[in-house]
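Written out below as structure tokens is the structure these notes cover.
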Amino acid sequence: MPILKKLKEALDEAKITYEVYNHALAYTAQEIAAKQHFPGKEMAKVVMLDVDGTLVMGVIPGTQKISLDIVRVRLGANKARLATEDEFISRFPNCEIGAMPPFGNLFGLKVYIDPALEQDEHIYFNAGNHTQTVRLKYADFACLVKPQVARLVEERNKRAA
């Protein structure tokens with residue numbers, strides 16, 4: 001299956017340099033990172049959220065889990081919950097369920113990204129299917145998507161030296 005056409009067109013039109021990698025079928029961010037031999041924290045994992053009745057895209061490091069309490073507080077919401085597949089699947093035509101790229105802007109969705117993903121020069125993400133990932137510079141991603149940066153996961157405990 002080729003990279004999602006809508007994504008490829010957006011990247012090519014913006015003249016952004018990116019790489020597409022093929023890998024064995026994988027469903028989780030950690031599986032993908034292991035198969036492709038890159039750190040799981042560089043995998044941009046998409047989590048679909050319902051925030052005060054509005055569908056939004058959360059993007060977090062592949063090694064982390066979303067914290068709905070933190071999402072609610074950081075986004076100034078009354079309610080935040082995981083969206084169900086039925087609530088979002090129609091927004092992503094031609095995407096395999098769970099393999100949506102973090103380009104909510106291409107699908108009319110606001111994108112919130114955890115600041116941990118800003119720390120690496122490159123990010124990896126699903127290309128719309130479970131057998132390909134895309135690698136591009138975080139700066140290019142941020143320029144094209146214009147995500148709102150907000151902590152979405154619990155901060156890891158820092159160990160004393």
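The chains in the structure tokens are called A, B, ... from first to last as shown; in each chain the residues are counted from 1, and the ligands are counted from 1 in the order shown.
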
Taking only residues of segment 91-135 of chain A that have an atom at most 10 Å from an atom of segment 12-36 of chain A, what is each one's shortest atom pair and its distance in Å to one decimal, using only C-alpha atoms, in chain and number order, as a tab-separated table?
```
residue	atom	partner	partner_atom	distance
A:Ile97	CA	A:Tyr27	CA	9.7
A:Gly98	CA	A:Tyr27	CA	7.5
A:Ala99	CA	A:Tyr27	CA	7.9
A:His122	CA	A:Tyr18	CA	9.8
A:Tyr124	CA	A:Ala33	CA	8.7
A:Phe125	CA	A:Ala29	CA	8.5
A:Asn126	CA	A:Ala29	CA	8.7
A:Ala127	CA	A:Val20	CA	7.9
A:Asn129	CA	A:Leu25	CA	9.1
A:His130	CA	A:Ala26	CA	5.6
A:Thr131	CA	A:Leu25	CA	5.0
A:Gln132	CA	A:Asn22	CA	4.5
A:Thr133	CA	A:Tyr21	CA	5.3
A:Val134	CA	A:Val20	CA	4.5
A:Arg135	CA	A:Glu19	CA	5.2
```

Please produce a file of the residues just selected, as a PDB file, in the first residue's frame, where the atoms kept are N, CA and C atoms.
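Result saved to selection_5.pdb:
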```pdb
ATOM      1  N   ILE A  97      -7.317   2.032  10.124  1.00  0.00           N
ATOM      2  CA  ILE A  97      -7.627   2.413  11.505  1.00  0.00           C
ATOM      3  C   ILE A  97      -6.372   2.298  12.358  1.00  0.00           C
ATOM      4  N   GLY A  98      -6.058   3.367  13.082  1.00  0.00           N
ATOM      5  CA  GLY A  98      -4.888   3.367  13.955  1.00  0.00           C
ATOM      6  C   GLY A  98      -3.590   3.725  13.262  1.00  0.00           C
ATOM      7  N   ALA A  99      -3.641   4.058  11.981  1.00  0.00           N
ATOM      8  CA  ALA A  99      -2.416   4.398  11.248  1.00  0.00           C
ATOM      9  C   ALA A  99      -2.482   5.807  10.662  1.00  0.00           C
ATOM     10  N   HIS A 122      14.308  14.808  14.105  1.00  0.00           N
ATOM     11  CA  HIS A 122      13.371  14.125  13.214  1.00  0.00           C
ATOM     12  C   HIS A 122      12.282  13.418  14.001  1.00  0.00           C
ATOM     13  N   TYR A 124       9.151  10.267  13.324  1.00  0.00           N
ATOM     14  CA  TYR A 124       8.614   9.218  12.463  1.00  0.00           C
ATOM     15  C   TYR A 124       7.125   9.132  12.750  1.00  0.00           C
ATOM     16  N   PHE A 125       6.338   8.732  11.756  1.00  0.00           N
ATOM     17  CA  PHE A 125       4.904   8.562  11.979  1.00  0.00           C
ATOM     18  C   PHE A 125       4.320   7.643  10.924  1.00  0.00           C
ATOM     19  N   ASN A 126       3.144   7.111  11.224  1.00  0.00           N
ATOM     20  CA  ASN A 126       2.454   6.235  10.282  1.00  0.00           C
ATOM     21  C   ASN A 126       2.111   6.995   9.011  1.00  0.00           C
ATOM     22  N   ALA A 127       2.191   6.290   7.897  1.00  0.00           N
ATOM     23  CA  ALA A 127       1.937   6.890   6.590  1.00  0.00           C
ATOM     24  C   ALA A 127       0.512   6.638   6.099  1.00  0.00           C
ATOM     25  N   ASN A 129      -0.997   3.703   6.821  1.00  0.00           N
ATOM     26  CA  ASN A 129      -1.143   2.250   6.820  1.00  0.00           C
ATOM     27  C   ASN A 129      -0.216   1.660   7.887  1.00  0.00           C
ATOM     28  N   HIS A 130      -0.298   0.348   8.069  1.00  0.00           N
ATOM     29  CA  HIS A 130       0.481  -0.315   9.120  1.00  0.00           C
ATOM     30  C   HIS A 130       1.780  -0.943   8.620  1.00  0.00           C
ATOM     31  N   THR A 131       2.211  -0.577   7.415  1.00  0.00           N
ATOM     32  CA  THR A 131       3.461  -1.139   6.883  1.00  0.00           C
ATOM     33  C   THR A 131       4.439  -0.075   6.401  1.00  0.00           C
ATOM     34  N   GLN A 132       4.112   1.189   6.612  1.00  0.00           N
ATOM     35  CA  GLN A 132       5.011   2.269   6.195  1.00  0.00           C
ATOM     36  C   GLN A 132       5.039   3.371   7.241  1.00  0.00           C
ATOM     37  N   THR A 133       6.216   3.956   7.391  1.00  0.00           N
ATOM     38  CA  THR A 133       6.347   5.153   8.216  1.00  0.00           C
ATOM     39  C   THR A 133       7.054   6.223   7.401  1.00  0.00           C
ATOM     40  N   VAL A 134       6.855   7.448   7.838  1.00  0.00           N
ATOM     41  CA  VAL A 134       7.502   8.599   7.214  1.00  0.00           C
ATOM     42  C   VAL A 134       8.434   9.204   8.249  1.00  0.00           C
ATOM     43  N   ARG A 135       9.589   9.655   7.787  1.00  0.00           N
ATOM     44  CA  ARG A 135      10.539  10.359   8.642  1.00  0.00           C
ATOM     45  C   ARG A 135      10.747  11.743   8.042  1.00  0.00           C
TER      46      ARG A 135
END
```

Per-residue nearest contacts of segment 91-116 of chain A to segment 53-57 of chain A (10 Å; only C-alpha atoms) as JSON lines:
```
{"residue": "A:Arg91", "atom": "CA", "partner": "A:Leu55", "partner_atom": "CA", "distance": 10.0}
{"residue": "A:Met100", "atom": "CA", "partner": "A:Met57", "partner_atom": "CA", "distance": 10.0}
{"residue": "A:Pro102", "atom": "CA", "partner": "A:Met57", "partner_atom": "CA", "distance": 7.5}
{"residue": "A:Phe103", "atom": "CA", "partner": "A:Met57", "partner_atom": "CA", "distance": 8.6}
{"residue": "A:Gly104", "atom": "CA", "partner": "A:Met57", "partner_atom": "CA", "distance": 6.2}
{"residue": "A:Asn105", "atom": "CA", "partner": "A:Met57", "partner_atom": "CA", "distance": 9.3}
{"residue": "A:Gly108", "atom": "CA", "partner": "A:Val56", "partner_atom": "CA", "distance": 9.2}
{"residue": "A:Leu109", "atom": "CA", "partner": "A:Val56", "partner_atom": "CA", "distance": 5.6}
{"residue": "A:Lys110", "atom": "CA", "partner": "A:Val56", "partner_atom": "CA", "distance": 5.3}
{"residue": "A:Val111", "atom": "CA", "partner": "A:Met57", "partner_atom": "CA", "distance": 4.8}
{"residue": "A:Tyr112", "atom": "CA", "partner": "A:Met57", "partner_atom": "CA", "distance": 6.2}
{"residue": "A:Ile113", "atom": "CA", "partner": "A:Met57", "partner_atom": "CA", "distance": 8.4}
```

Put those residues in a file: C-alpha atoms, as a PDB file, in the first residue's frame.
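Result written to part_29.pdb:
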```pdb
ATOM      1  CA  ARG A  91     -12.618  11.679   9.066  1.00  0.00           C
ATOM      2  CA  MET A 100      -3.434   8.015  10.783  1.00  0.00           C
ATOM      3  CA  PRO A 102      -0.280  13.347  12.714  1.00  0.00           C
ATOM      4  CA  PHE A 103      -1.467  15.813  10.075  1.00  0.00           C
ATOM      5  CA  GLY A 104      -4.884  16.614  11.513  1.00  0.00           C
ATOM      6  CA  ASN A 105      -4.836  19.835   9.507  1.00  0.00           C
ATOM      7  CA  GLY A 108      -9.979  19.518   9.435  1.00  0.00           C
ATOM      8  CA  LEU A 109      -8.761  18.728  12.945  1.00  0.00           C
ATOM      9  CA  LYS A 110      -6.853  20.810  15.469  1.00  0.00           C
ATOM     10  CA  VAL A 111      -3.548  19.185  16.432  1.00  0.00           C
ATOM     11  CA  TYR A 112      -1.977  19.269  19.892  1.00  0.00           C
ATOM     12  CA  ILE A 113       1.552  17.925  20.216  1.00  0.00           C
TER      13      ILE A 113
END
```

Residues flagged strand (DSSP E) by DSSP in chain A, as an MDAnalysis selection string | chainID A and resid 18:22 44:51 54:61 80:82 111:113 122:126 132:137 148:149

With distances taken over only C-alpha atoms, which of A:Val73, A:Cys143, A:Gln119, A:Glu154 is nearest to Asp52 of chain A?
->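 Among A:Val73, A:Cys143, A:Gln119, A:Glu154, it is A:Val73 that comes nearest to Asp52 of chain A.
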
Where does DSSP see alpha helix (DSSP H) in chain A, if you list the residues as a PyMOL selection string?
-> chain A and resi 5-13+29-36+68-74+85-88+138-145

Mind dumping the selected residues with C-alpha atoms as an mmCIF file, in the first residue's frame?
```
data_model
loop_
_atom_site.group_PDB
_atom_site.id
_atom_site.type_symbol
_atom_site.label_atom_id
_atom_site.label_comp_id
_atom_site.auth_asym_id
_atom_site.auth_seq_id
_atom_site.Cartn_x
_atom_site.Cartn_y
_atom_site.Cartn_z
ATOM 1 C CA LYS A 5 -2.048 10.285 -1.215
ATOM 2 C CA LYS A 6 -3.292 13.374 0.671
ATOM 3 C CA LEU A 7 -0.169 13.307 2.874
ATOM 4 C CA LYS A 8 2.226 12.811 -0.050
ATOM 5 C CA GLU A 9 0.646 15.681 -1.967
ATOM 6 C CA ALA A 10 0.932 18.034 1.033
ATOM 7 C CA LEU A 11 4.593 17.153 1.633
ATOM 8 C CA ASP A 12 5.520 17.371 -2.058
ATOM 9 C CA GLU A 13 3.649 20.645 -2.578
ATOM 10 C CA ALA A 29 4.457 2.611 17.979
ATOM 11 C CA GLN A 30 6.927 0.455 19.900
ATOM 12 C CA GLU A 31 6.648 -2.408 17.392
ATOM 13 C CA ILE A 32 7.320 -0.023 14.522
ATOM 14 C CA ALA A 33 10.336 1.541 16.258
ATOM 15 C CA ALA A 34 11.779 -1.879 17.027
ATOM 16 C CA LYS A 35 11.309 -3.140 13.448
ATOM 17 C CA GLN A 36 12.907 -0.001 12.028
ATOM 18 C CA LEU A 68 -6.578 12.658 30.143
ATOM 19 C CA ASP A 69 -6.249 14.629 33.377
ATOM 20 C CA ILE A 70 -3.274 16.524 31.975
ATOM 21 C CA VAL A 71 -5.053 17.039 28.639
ATOM 22 C CA ARG A 72 -8.080 18.491 30.431
ATOM 23 C CA VAL A 73 -5.960 20.860 32.527
ATOM 24 C CA ARG A 74 -3.524 21.919 29.774
ATOM 25 C CA GLU A 85 -13.279 4.650 16.393
ATOM 26 C CA ASP A 86 -16.866 5.263 15.316
ATOM 27 C CA GLU A 87 -16.441 8.945 16.175
ATOM 28 C CA PHE A 88 -13.366 9.523 14.026
ATOM 29 C CA TYR A 138 10.282 18.119 13.272
ATOM 30 C CA ALA A 139 10.729 21.737 12.152
ATOM 31 C CA ASP A 140 9.164 20.898 8.762
ATOM 32 C CA PHE A 141 6.290 19.079 10.465
ATOM 33 C CA ALA A 142 5.659 22.061 12.767
ATOM 34 C CA CYS A 143 5.767 24.502 9.847
ATOM 35 C CA LEU A 144 3.255 22.507 7.808
ATOM 36 C CA VAL A 145 0.862 21.390 10.577
#
```

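For the pair atom CA of Val47 of chain A and atom CA of Leu106 of chain A, the separation is 15.8 Å.
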
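For the pair atom CA of Gly128 of chain A and atom CA of Val51 of chain A, the interatomic distance is 23.6 Å.
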